[in-house]
file structure-v6.txt (compact mmCIF, C-alpha atoms)
# COMPACT_ATOMS: atom_id res chain seq x y z
CA MET A 1 79.55 -68.00 224.41
CA GLU A 2 75.88 -68.17 223.38
CA PRO A 3 73.32 -69.18 226.03
CA ASP A 4 72.43 -72.87 225.91
CA ASN A 5 69.11 -73.53 224.19
CA ASP A 6 69.02 -77.24 225.02
CA ASN A 7 65.64 -78.46 226.22
CA ASN A 8 67.06 -81.34 228.28
CA GLU A 9 65.11 -81.06 231.52
CA SER A 10 67.55 -83.35 233.37
CA LYS A 11 69.88 -80.35 233.58
CA HIS A 12 67.31 -78.32 235.53
CA SER A 13 65.93 -78.91 238.99
CA THR A 14 62.59 -78.03 240.57
CA PRO A 15 62.22 -74.56 242.14
CA ASP A 16 64.07 -73.92 245.41
CA THR A 17 62.36 -70.68 246.45
CA LEU A 18 59.50 -68.80 244.78
CA LEU A 19 60.31 -65.07 244.74
CA LYS A 20 57.47 -63.56 242.74
CA GLN A 21 54.38 -64.66 240.85
CA GLY A 22 52.37 -62.51 238.47
CA ALA A 23 49.93 -62.76 235.58
CA GLU A 24 52.66 -63.56 233.04
CA GLY A 25 54.76 -66.02 235.00
CA LYS A 26 56.79 -66.72 238.11
CA LEU A 27 60.30 -65.97 239.27
CA TYR A 28 62.14 -68.40 241.50
CA ILE A 29 65.56 -69.57 242.62
CA GLY A 30 66.48 -72.80 240.87
CA ARG A 31 69.39 -74.63 239.24
CA TYR A 32 70.99 -74.62 235.83
CA ASN A 33 73.73 -77.16 235.06
CA GLY A 34 74.07 -77.61 238.80
CA ALA A 35 74.58 -73.91 239.51
CA ARG A 36 72.17 -71.87 241.61
CA CYS A 37 70.35 -69.35 239.42
CA LEU A 38 67.29 -67.20 238.94
CA VAL A 39 64.56 -68.77 236.80
CA LYS A 40 61.78 -66.92 235.00
CA GLU A 41 59.02 -69.23 233.85
CA ARG A 42 56.21 -68.01 231.59
CA PHE A 43 52.71 -69.39 232.05
CA SER A 44 50.73 -71.03 229.29
CA LYS A 45 47.67 -68.92 228.38
CA LYS A 46 44.71 -71.30 228.28
CA TYR A 47 42.50 -68.82 226.41
CA ARG A 48 44.86 -68.90 223.41
CA HIS A 49 45.07 -71.56 220.74
CA PRO A 50 47.96 -73.84 221.83
CA ASP A 51 49.99 -73.23 218.66
CA LEU A 52 49.59 -69.44 218.97
CA ASP A 53 50.50 -69.59 222.66
CA VAL A 54 53.73 -71.46 221.89
CA GLN A 55 54.59 -69.04 219.09
CA LEU A 56 54.00 -65.91 221.21
CA THR A 57 55.92 -67.34 224.16
CA ARG A 58 58.91 -68.16 221.95
CA GLN A 59 58.81 -64.62 220.55
CA ARG A 60 58.80 -63.06 224.03
CA ILE A 61 61.65 -65.27 225.26
CA LYS A 62 63.72 -64.47 222.16
CA ALA A 63 62.97 -60.75 222.65
CA GLU A 64 64.26 -60.99 226.23
CA GLN A 65 67.40 -62.75 225.03
CA LYS A 66 67.97 -59.97 222.52
CA ALA A 67 67.46 -57.33 225.23
CA PHE A 68 70.26 -58.87 227.28
CA GLU A 69 72.58 -58.68 224.25
CA ARG A 70 71.65 -55.06 223.51
CA CYS A 71 72.15 -54.04 227.14
CA LYS A 72 75.63 -55.52 227.08
CA THR A 73 76.44 -53.44 223.99
CA ALA A 74 74.96 -50.35 225.66
CA GLY A 75 77.01 -50.82 228.83
CA VAL A 76 73.92 -51.47 230.96
CA ALA A 77 74.40 -54.09 233.67
CA THR A 78 72.02 -57.06 233.76
CA PRO A 79 72.22 -60.47 235.38
CA LYS A 80 74.21 -62.84 233.18
CA LEU A 81 71.95 -64.83 230.86
CA MET A 82 72.84 -68.49 231.48
CA GLY A 83 70.45 -70.18 229.08
CA VAL A 84 66.88 -70.79 227.98
CA ASP A 85 64.52 -73.74 227.79
CA MET A 86 61.97 -73.01 225.08
CA ALA A 87 59.93 -76.16 225.73
CA GLY A 88 59.82 -75.39 229.45
CA ARG A 89 59.15 -71.67 228.83
CA LYS A 90 62.09 -70.73 231.06
CA ILE A 91 64.93 -68.24 231.12
CA PHE A 92 67.89 -68.94 233.42
CA MET A 93 69.82 -65.99 234.81
CA GLU A 94 72.62 -65.27 237.24
CA TYR A 95 71.37 -65.03 240.82
CA LEU A 96 72.79 -61.91 242.48
CA GLU A 97 72.51 -63.12 246.05
CA GLN A 98 73.71 -59.92 247.72
CA ALA A 99 71.62 -57.54 245.62
CA ARG A 100 68.50 -55.74 246.79
CA THR A 101 65.95 -53.75 244.85
CA ALA A 102 66.17 -50.01 244.36
CA LYS A 103 62.72 -49.86 246.00
CA GLN A 104 64.19 -51.30 249.18
CA LEU A 105 66.90 -48.62 249.25
CA VAL A 106 64.38 -45.81 248.76
CA ASP A 107 62.06 -47.17 251.45
CA GLU A 108 65.04 -47.39 253.82
CA ALA A 109 66.19 -43.87 252.94
CA VAL A 110 62.70 -42.49 253.59
CA THR A 111 62.63 -44.16 257.01
CA GLU A 112 66.05 -42.65 257.77
CA GLY A 113 65.05 -39.24 256.42
CA ASN A 114 68.02 -39.41 254.05
CA THR A 115 66.82 -37.98 250.70
CA GLY A 116 70.46 -37.66 249.62
CA LYS A 117 70.51 -41.43 249.06
CA VAL A 118 67.45 -41.16 246.85
CA GLU A 119 68.90 -38.28 244.83
CA GLN A 120 72.11 -40.25 244.29
CA LEU A 121 70.09 -43.25 243.10
CA ALA A 122 67.93 -41.03 240.87
CA LYS A 123 71.01 -39.70 239.08
CA GLU A 124 72.20 -43.24 238.42
CA ILE A 125 68.76 -44.25 237.11
CA GLY A 126 68.81 -41.24 234.74
CA ILE A 127 72.18 -42.35 233.37
CA ILE A 128 71.04 -45.94 232.84
CA VAL A 129 67.73 -45.04 231.19
CA GLY A 130 69.66 -42.64 228.97
CA LEU A 131 71.96 -45.48 227.93
CA LEU A 132 68.98 -47.71 227.16
CA HIS A 133 67.27 -45.09 225.02
CA GLY A 134 70.55 -44.05 223.42
CA HIS A 135 70.80 -47.63 222.12
CA ASN A 136 67.11 -47.78 221.11
CA ILE A 137 66.10 -50.09 223.96
CA ILE A 138 62.63 -49.58 225.40
CA HIS A 139 62.36 -51.34 228.76
CA GLY A 140 58.57 -51.17 228.99
CA ASP A 141 58.30 -51.61 232.75
CA LEU A 142 60.65 -49.14 234.45
CA THR A 143 60.06 -49.40 238.19
CA THR A 144 62.35 -49.45 241.22
CA SER A 145 61.32 -53.10 241.72
CA ASN A 146 62.93 -53.91 238.36
CA MET A 147 66.26 -52.37 239.33
CA LEU A 148 68.73 -54.23 241.52
CA LEU A 149 71.55 -52.68 243.51
CA ASP A 150 74.47 -55.10 243.51
CA PRO A 151 77.17 -54.29 246.09
CA VAL A 152 79.71 -56.35 244.13
CA ILE A 153 81.26 -53.79 241.77
CA GLN A 154 84.49 -53.78 239.80
CA GLU A 155 87.34 -51.90 241.37
CA GLY A 156 87.58 -48.33 240.12
CA SER A 157 84.37 -48.64 238.09
CA ALA A 158 82.13 -46.40 240.20
CA THR A 159 81.97 -44.11 243.20
CA LEU A 160 78.64 -45.55 244.34
CA PRO A 161 78.55 -48.41 246.86
CA TYR A 162 76.63 -50.51 244.31
CA ARG A 163 76.08 -51.04 240.61
CA LEU A 164 72.59 -50.64 239.21
CA VAL A 165 71.45 -53.82 237.47
CA MET A 166 68.38 -53.80 235.24
CA ILE A 167 66.03 -56.80 235.28
CA ASP A 168 62.71 -58.00 233.83
CA PHE A 169 62.80 -57.35 230.09
CA GLY A 170 59.51 -59.16 229.46
CA LEU A 171 57.94 -56.04 227.90
CA SER A 172 61.10 -54.66 226.28
CA TYR A 173 61.63 -54.05 222.58
CA HIS A 174 63.89 -52.24 220.11
CA SER A 175 62.64 -48.91 218.76
CA LEU A 176 63.93 -45.72 217.14
CA ASN A 177 60.63 -43.98 217.91
CA VAL A 178 61.05 -41.12 220.40
CA GLU A 179 57.39 -41.44 221.41
CA ASP A 180 58.14 -44.95 222.69
CA MET A 181 60.96 -43.46 224.75
CA GLY A 182 58.62 -40.76 226.01
CA VAL A 183 56.13 -43.42 227.08
CA ASP A 184 58.95 -45.29 228.85
CA LEU A 185 59.72 -42.14 230.84
CA TYR A 186 56.06 -41.60 231.65
CA VAL A 187 55.73 -45.18 232.90
CA LEU A 188 58.72 -44.54 235.17
CA GLU A 189 57.24 -41.28 236.45
CA ARG A 190 53.93 -42.94 237.31
CA ALA A 191 55.74 -45.82 239.01
CA LEU A 192 57.83 -43.48 241.17
CA LEU A 193 54.83 -41.36 242.14
CA SER A 194 52.90 -44.49 243.09
CA ALA A 195 55.63 -46.36 244.99
CA HIS A 196 57.52 -43.40 246.45
CA SER A 197 55.05 -40.58 247.00
CA GLU A 198 57.09 -39.51 250.05
CA VAL A 199 59.82 -38.28 247.66
CA PRO A 200 57.98 -36.15 245.06
CA GLU A 201 61.30 -34.83 243.69
CA PHE A 202 62.44 -38.34 242.71
CA PHE A 203 61.43 -38.30 239.04
CA GLY A 204 62.63 -34.71 238.58
CA TRP A 205 66.11 -35.80 239.67
CA VAL A 206 65.95 -38.77 237.29
CA LEU A 207 64.86 -36.58 234.37
CA GLU A 208 67.59 -34.00 235.05
CA SER A 209 70.25 -36.73 234.96
CA TYR A 210 68.65 -38.28 231.85
CA LYS A 211 68.90 -34.96 230.01
CA GLU A 212 72.52 -34.43 231.07
CA ASN A 213 73.77 -37.89 230.16
CA ASN A 214 71.71 -39.00 227.17
CA LYS A 215 73.08 -37.89 223.79
CA PHE A 216 70.25 -39.27 221.65
CA LYS A 217 67.39 -36.96 220.56
CA VAL A 218 66.82 -35.62 224.06
CA PRO A 219 64.70 -32.55 223.11
CA GLU A 220 62.44 -34.67 220.89
CA THR A 221 62.09 -37.38 223.52
CA ILE A 222 61.25 -34.90 226.29
CA ALA A 223 58.69 -33.21 224.02
CA LYS A 224 57.03 -36.58 223.40
CA TYR A 225 57.13 -37.40 227.11
CA GLU A 226 55.33 -34.09 227.82
CA GLU A 227 52.69 -34.96 225.19
CA VAL A 228 52.15 -38.42 226.68
CA ARG A 229 51.98 -36.93 230.18
CA ALA A 230 49.37 -34.37 229.06
CA ARG A 231 47.25 -37.12 227.49
CA GLY A 232 47.53 -39.15 230.69
CA ARG A 233 46.40 -36.19 232.80
CA LYS A 234 43.46 -35.53 230.46
CA ARG A 235 42.33 -39.17 230.73
CA THR A 236 42.57 -38.96 234.53
CA MET A 237 40.48 -35.76 234.61
CA ILE A 238 37.82 -37.11 232.24
CA GLY A 239 37.81 -40.52 233.93
call {"tool": "encode", "arguments": {"input": "structure-v6.txt", "output": "structure tokens"}}
result
Amino acid sequence: MEPDNDNNESKHSTPDTLLKQGAEGKLYIGRYNGARCLVKERFSKKYRHPDLDVQLTRQRIKAEQKAFERCKTAGVATPKLMGVDMAGRKIFMEYLEQARTAKQLVDEAVTEGNTGKVEQLAKEIGIIVGLLHGHNIIHGDLTTSNMLLDPVIQEGSATLPYRLVMIDFGLSYHSLNVEDMGVDLYVLERALLSAHSEVPEFFGWVLESYKENNKFKVPETIAKYEEVRARGRKRTMIG
């Protein structure tokens, strides 16, 4: 069934709990058709012409909708898309109440001194990113804060005590370009080095799993990633 695109605000309640607020919008727990859900609301950009702002917002919301569909085809878990409200600039998603972020697991593992947990997670991330790229999906913001670990998994579906659920497709797009995939990997590497410097092997484990499990243009993608990484290092050195 297609997500409901009705703009009837009577179906939606005011926010229950604000979870996150950034430059592009806010994420909060709300209601959709009476059901508790996760709501992503995009801000209006006052510096844009109103008509352009509406057009760009609609494009980004539609791109996110498409990303959910492509992930389903790719076998990548996401929260269920419940509906959208174009006039209200909102996307309504399943609220995974028991889930926590991958960042929380890594921080916990570091405190425990259990790098085995991190390596296990890294292998799963490599598989998922490989699936995304194998289906020409560029996430655009790969961080451990944009990965949820949901303890509710289907029987016999995995040996891990969680399923990895990808979220926040606000910067995602469809591309056959291996350079875009290389940039996606570089963004992930920088994010892991920044958030989890205590585990310098983290990205190496991810990349090893990515190479083993991705069947789509891996040598070309890795070569582009190395190029992007070299350019990034040069910029850092030059300042």
call {"tool": "atom_distance", "arguments": {"input": "structure-v6.txt", "atom1": "CA of Glu179 in chain A", "atom2": "CA of Pro219 in chain A"}}
result
11.6 Å
call {"tool": "closest_residue", "arguments": {"input": "structure-v6.txt", "among": "A:Ile137, A:Met86, A:Leu188, A:Ala109", "to": "Thr73 in chain A", "atoms": "all atoms listed in the file"}}
result
A:Ile137
call {"tool": "closest_atom_pairs", "arguments": {"input": "structure-v6.txt", "of": "range 162-192 of chain A", "to": "range 93-107 of chain A", "cutoff": "10 Å", "atoms": "all atoms listed in the file", "output": "tab-separated table"}}
result
residue	atom	partner	partner_atom	distance
A:Tyr162	CA	A:Ala99	CA	8.7
A:Arg163	CA	A:Ala99	CA	9.3
A:Leu164	CA	A:Ala102	CA	8.3
A:Val165	CA	A:Ala99	CA	9.0
A:Met166	CA	A:Thr101	CA	9.9
A:Ile167	CA	A:Met93	CA	10.0
A:Leu192	CA	A:Lys103	CA	9.4
call {"tool": "write_last_selection", "arguments": {"input": "structure-v6.txt", "atoms": "C-alpha atoms", "output": "tab-separated table (two decimals), in the coordinates of the input"}}
result
chain	number	residue	atom	x	y	z
A	162	TYR	CA	76.63	-50.51	244.31
A	163	ARG	CA	76.08	-51.04	240.61
A	164	LEU	CA	72.59	-50.64	239.21
A	165	VAL	CA	71.45	-53.82	237.47
A	166	MET	CA	68.38	-53.80	235.24
A	167	ILE	CA	66.03	-56.80	235.28
A	192	LEU	CA	57.83	-43.48	241.17
call {"tool": "residues_around", "arguments": {"input": "structure-v6.txt", "residues": "Gly182 in chain A", "least_positions_apart": "4", "cutoff": "6 Å", "atoms": "all atoms listed in the file", "output": "JSON list (two decimals) with C-alpha atoms, in the coordinates of the input"}}
result
[["chain", "number", "residue", "atom", "x", "y", "z"],
["A", 221, "THR", "CA", 62.09, -37.38, 223.52],
["A", 224, "LYS", "CA", 57.03, -36.58, 223.40],
["A", 225, "TYR", "CA", 57.13, -37.40, 227.11]]
call {"tool": "closest_residue", "arguments": {"input": "structure-v6.txt", "among": "A:Lys117, A:Val187, A:Leu19, A:Met181", "to": "Asp141 in chain A", "atoms": "only C-alpha atoms"}}
result
A:Val187
call {"tool": "residues_around", "arguments": {"input": "structure-v6.txt", "residues": "range 55-69 of chain A", "least_positions_apart": "4", "cutoff": "12 Å", "atoms": "all atoms listed in the file", "output": "PyMOL selection string"}}
result
chain A and resi 1-5+24-25+40-45+48-51+73-93+132+135-140+165-175
call {"tool": "write_last_selection", "arguments": {"input": "structure-v6.txt", "atoms": "C-alpha atoms", "output": "compact mmCIF listing (two decimals), in the coordinates of the input"}}
result
# COMPACT_ATOMS: atom_id res chain seq x y z
CA MET A 1 79.55 -68.00 224.41
CA GLU A 2 75.88 -68.17 223.38
CA PRO A 3 73.32 -69.18 226.03
CA ASP A 4 72.43 -72.87 225.91
CA ASN A 5 69.11 -73.53 224.19
CA GLU A 24 52.66 -63.56 233.04
CA GLY A 25 54.76 -66.02 235.00
CA LYS A 40 61.78 -66.92 235.00
CA GLU A 41 59.02 -69.23 233.85
CA ARG A 42 56.21 -68.01 231.59
CA PHE A 43 52.71 -69.39 232.05
CA SER A 44 50.73 -71.03 229.29
CA LYS A 45 47.67 -68.92 228.38
CA ARG A 48 44.86 -68.90 223.41
CA HIS A 49 45.07 -71.56 220.74
CA PRO A 50 47.96 -73.84 221.83
CA ASP A 51 49.99 -73.23 218.66
CA THR A 73 76.44 -53.44 223.99
CA ALA A 74 74.96 -50.35 225.66
CA GLY A 75 77.01 -50.82 228.83
CA VAL A 76 73.92 -51.47 230.96
CA ALA A 77 74.40 -54.09 233.67
CA THR A 78 72.02 -57.06 233.76
CA PRO A 79 72.22 -60.47 235.38
CA LYS A 80 74.21 -62.84 233.18
CA LEU A 81 71.95 -64.83 230.86
CA MET A 82 72.84 -68.49 231.48
CA GLY A 83 70.45 -70.18 229.08
CA VAL A 84 66.88 -70.79 227.98
CA ASP A 85 64.52 -73.74 227.79
CA MET A 86 61.97 -73.01 225.08
CA ALA A 87 59.93 -76.16 225.73
CA GLY A 88 59.82 -75.39 229.45
CA ARG A 89 59.15 -71.67 228.83
CA LYS A 90 62.09 -70.73 231.06
CA ILE A 91 64.93 -68.24 231.12
CA PHE A 92 67.89 -68.94 233.42
CA MET A 93 69.82 -65.99 234.81
CA LEU A 132 68.98 -47.71 227.16
CA HIS A 135 70.80 -47.63 222.12
CA ASN A 136 67.11 -47.78 221.11
CA ILE A 137 66.10 -50.09 223.96
CA ILE A 138 62.63 -49.58 225.40
CA HIS A 139 62.36 -51.34 228.76
CA GLY A 140 58.57 -51.17 228.99
CA VAL A 165 71.45 -53.82 237.47
CA MET A 166 68.38 -53.80 235.24
CA ILE A 167 66.03 -56.80 235.28
CA ASP A 168 62.71 -58.00 233.83
CA PHE A 169 62.80 -57.35 230.09
CA GLY A 170 59.51 -59.16 229.46
CA LEU A 171 57.94 -56.04 227.90
CA SER A 172 61.10 -54.66 226.28
CA TYR A 173 61.63 -54.05 222.58
CA HIS A 174 63.89 -52.24 220.11
CA SER A 175 62.64 -48.91 218.76
call {"tool": "closest_residue", "arguments": {"input": "structure-v6.txt", "among": "A:Val206, A:Leu193, A:Val183, A:Ile29", "to": "Val228 in chain A", "atoms": "only C-alpha atoms"}}
result
A:Val183
call {"tool": "atom_distance", "arguments": {"input": "structure-v6.txt", "atom1": "CA of Arg229 in chain A", "atom2": "CA of Asn114 in chain A"}}
result
28.9 Å
call {"tool": "closest_residue", "arguments": {"input": "structure-v6.txt", "among": "A:Leu148, A:Phe216, A:Ala35, A:Ala230", "to": "Asn177 in chain A", "atoms": "only C-alpha atoms"}}
result
A:Phe216
call {"tool": "closest_residue", "arguments": {"input": "structure-v6.txt", "among": "A:Glu112, A:Cys71, A:Thr17, A:Gly126", "to": "Asn213 in chain A", "atoms": "only C-alpha atoms"}}
result
A:Gly126
call {"tool": "residues_around", "arguments": {"input": "structure-v6.txt", "residues": "Phe203 in chain A", "least_positions_apart": "3", "cutoff": "12 Å", "atoms": "all atoms listed in the file", "output": "PyMOL selection string"}}
result
chain A and resi 118-119+121-126+142-144+185-200+206-210
call {"tool": "write_last_selection", "arguments": {"input": "structure-v6.txt", "atoms": "C-alpha atoms", "output": "compact mmCIF listing (two decimals), in the frame of the given file"}}
result
# COMPACT_ATOMS: atom_id res chain seq x y z
CA VAL A 118 67.45 -41.16 246.85
CA GLU A 119 68.90 -38.28 244.83
CA LEU A 121 70.09 -43.25 243.10
CA ALA A 122 67.93 -41.03 240.87
CA LYS A 123 71.01 -39.70 239.08
CA GLU A 124 72.20 -43.24 238.42
CA ILE A 125 68.76 -44.25 237.11
CA GLY A 126 68.81 -41.24 234.74
CA LEU A 142 60.65 -49.14 234.45
CA THR A 143 60.06 -49.40 238.19
CA THR A 144 62.35 -49.45 241.22
CA LEU A 185 59.72 -42.14 230.84
CA TYR A 186 56.06 -41.60 231.65
CA VAL A 187 55.73 -45.18 232.90
CA LEU A 188 58.72 -44.54 235.17
CA GLU A 189 57.24 -41.28 236.45
CA ARG A 190 53.93 -42.94 237.31
CA ALA A 191 55.74 -45.82 239.01
CA LEU A 192 57.83 -43.48 241.17
CA LEU A 193 54.83 -41.36 242.14
CA SER A 194 52.90 -44.49 243.09
CA ALA A 195 55.63 -46.36 244.99
CA HIS A 196 57.52 -43.40 246.45
CA SER A 197 55.05 -40.58 247.00
CA GLU A 198 57.09 -39.51 250.05
CA VAL A 199 59.82 -38.28 247.66
CA PRO A 200 57.98 -36.15 245.06
CA VAL A 206 65.95 -38.77 237.29
CA LEU A 207 64.86 -36.58 234.37
CA GLU A 208 67.59 -34.00 235.05
CA SER A 209 70.25 -36.73 234.96
CA TYR A 210 68.65 -38.28 231.85
call {"tool": "atom_distance", "arguments": {"input": "structure-v6.txt", "atom1": "CA of Asp16 in chain A", "atom2": "CA of Gly30 in chain A"}}
result
5.3 Å
call {"tool": "axis_aligned_box", "arguments": {"input": "structure-v6.txt", "around": "range 206-220 of chain A", "padding_each_side": "3 Å", "output": "AutoDock Vina command-line options"}}
result
--center_x 68.1 --center_y -35.9 --center_z 228.9 --size_x 17.3 --size_y 12.7 --size_z 22.7
call {"tool": "residues_near_point", "arguments": {"input": "structure-v6.txt", "point": "(77.9, -54.6, 242.9)", "cutoff": "7 Å", "atoms": "only C-alpha atoms", "output": "list in words"}}
result
Leu149, Asp150, Pro151, Val152, Ile153, Tyr162 and Arg163 of chain A
call {"tool": "closest_residue", "arguments": {"input": "structure-v6.txt", "among": "A:Asp180, A:Glu220, A:Lys211, A:Phe202", "to": "Gly130 in chain A", "atoms": "all atoms listed in the file"}}
result
A:Lys211
